[in-house]
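Working notes, structure below.
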Amino acid sequence: MKKIILIISTLLFFSFSALAEQHADAALEHANAALSQGKEGNIGQLTEHLVQASHHTDEAIKVASGPTKAHLESGSKHLHEAIKSANQGHGGKAIEHVKTALEHLKAGDK
């Protein structure tokens, strides 16, 4: 019985890790796209990608742990600040938050 519990626990751990990684990868893709759109002055597209990046980051946080979770939480905070800045028409400020979020998301993806 202990072996079965150990096997099931191991499988669950790896499936949660894979799920966190999938969301973290999607968050990175959208954050990079947001940065690109922001640099081009496309505030609407910047905001859309930020919302998607934020969603994926928040999903990854649910199953992450340790330093990875801490980086994802910091990245999420900056993504939310970027969304707020973009909605207020402060593209430059939004871009700075995206850059910081990307640093955290990359660090959490290791």
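Naming scheme: A, B, ... for chains in displayed order of the structure tokens; residues 1 onward per chain; ligands 1 onward as shown.
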
*Excluding same-chain residues fewer than 6 positions from segment 78-91 of chain A, what lies within 9 Å of it counting only C-alpha atoms, as a ChimeraX atom specification?*
/A:31,38-39,41-44,46-48,50-51,53-54,57,97-102

For the residues in the current selection, export N, CA and C atoms as a tab-separated table (two decimals), in the first residue's frame.
```
chain	number	residue	atom	x	y	z
A	31	ALA	N	4.18	37.58	-22.36
A	31	ALA	CA	4.90	38.74	-21.82
A	31	ALA	C	5.88	39.28	-22.86
A	38	GLY	N	4.25	46.73	-26.97
A	38	GLY	CA	4.41	47.99	-26.25
A	38	GLY	C	5.47	48.87	-26.88
A	39	LYS	N	6.57	48.27	-27.32
A	39	LYS	CA	7.65	49.02	-27.96
A	39	LYS	C	7.19	49.62	-29.29
A	41	GLY	N	4.18	50.67	-29.68
A	41	GLY	CA	3.13	51.64	-29.36
A	41	GLY	C	1.72	51.10	-29.48
A	42	ASN	N	1.57	49.79	-29.61
A	42	ASN	CA	0.25	49.16	-29.73
A	42	ASN	C	-0.29	48.84	-28.34
A	43	ILE	N	-0.86	49.83	-27.68
A	43	ILE	CA	-1.32	49.68	-26.30
A	43	ILE	C	-2.42	48.62	-26.18
A	44	GLY	N	-3.31	48.54	-27.16
A	44	GLY	CA	-4.37	47.54	-27.12
A	44	GLY	C	-3.82	46.12	-27.13
A	46	LEU	N	-0.71	45.31	-26.42
A	46	LEU	CA	0.09	45.21	-25.20
A	46	LEU	C	-0.79	44.71	-24.06
A	47	THR	N	-1.93	45.34	-23.89
A	47	THR	CA	-2.84	44.99	-22.80
A	47	THR	C	-3.38	43.57	-22.96
A	48	GLU	N	-3.76	43.19	-24.19
A	48	GLU	CA	-4.28	41.84	-24.42
A	48	GLU	C	-3.26	40.78	-24.03
A	50	LEU	N	-0.74	41.17	-21.98
A	50	LEU	CA	-0.51	41.25	-20.54
A	50	LEU	C	-1.57	40.47	-19.78
A	51	VAL	N	-2.81	40.59	-20.20
A	51	VAL	CA	-3.90	39.87	-19.53
A	51	VAL	C	-3.67	38.36	-19.66
A	53	ALA	N	-0.75	36.82	-20.23
A	53	ALA	CA	0.45	36.48	-19.44
A	53	ALA	C	0.09	36.39	-17.96
A	54	SER	N	-0.71	37.33	-17.50
A	54	SER	CA	-1.12	37.36	-16.10
A	54	SER	C	-1.94	36.12	-15.75
A	57	THR	N	0.37	33.12	-15.61
A	57	THR	CA	1.23	33.21	-14.43
A	57	THR	C	0.45	32.82	-13.18
A	97	HIS	N	7.44	47.66	-16.30
A	97	HIS	CA	6.90	46.58	-15.47
A	97	HIS	C	6.98	45.23	-16.20
A	98	VAL	N	6.75	45.24	-17.50
A	98	VAL	CA	6.84	44.00	-18.28
A	98	VAL	C	8.28	43.48	-18.24
A	99	LYS	N	9.24	44.37	-18.40
A	99	LYS	CA	10.65	43.94	-18.37
A	99	LYS	C	10.98	43.29	-17.03
A	100	THR	N	10.53	43.89	-15.94
A	100	THR	CA	10.79	43.32	-14.61
A	100	THR	C	10.06	41.99	-14.45
A	101	ALA	N	8.82	41.93	-14.93
A	101	ALA	CA	8.06	40.68	-14.87
A	101	ALA	C	8.79	39.58	-15.62
A	102	LEU	N	9.31	39.91	-16.80
A	102	LEU	CA	10.03	38.92	-17.59
A	102	LEU	C	11.26	38.38	-16.86
```

*Residues at most 9 Å from Asp109 of chain A, counting only C-alpha atoms, excluding those fewer than 4 positions away in the same chain, as a ChimeraX atom specification?*
/A:21,24-25,28,68,71-72,104-105

*asked:* Using only C-alpha atoms for the distances, tell me which of A:Glu40, A:Ala107, A:Lys62, A:Gln45 is nearest to Ser74 of chain A.
replied: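 Of all the options, A:Ala107 lies closest to Ser74 of chain A.
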
*Figure out the distance between atom CA of Gly92 of chain A and atom CA of Ala70 of chain A, please, to one decimal in Å.*
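Computed distance, atom CA of Ala70 of chain A to atom CA of Gly92 of chain A, equals 25.6 Å.
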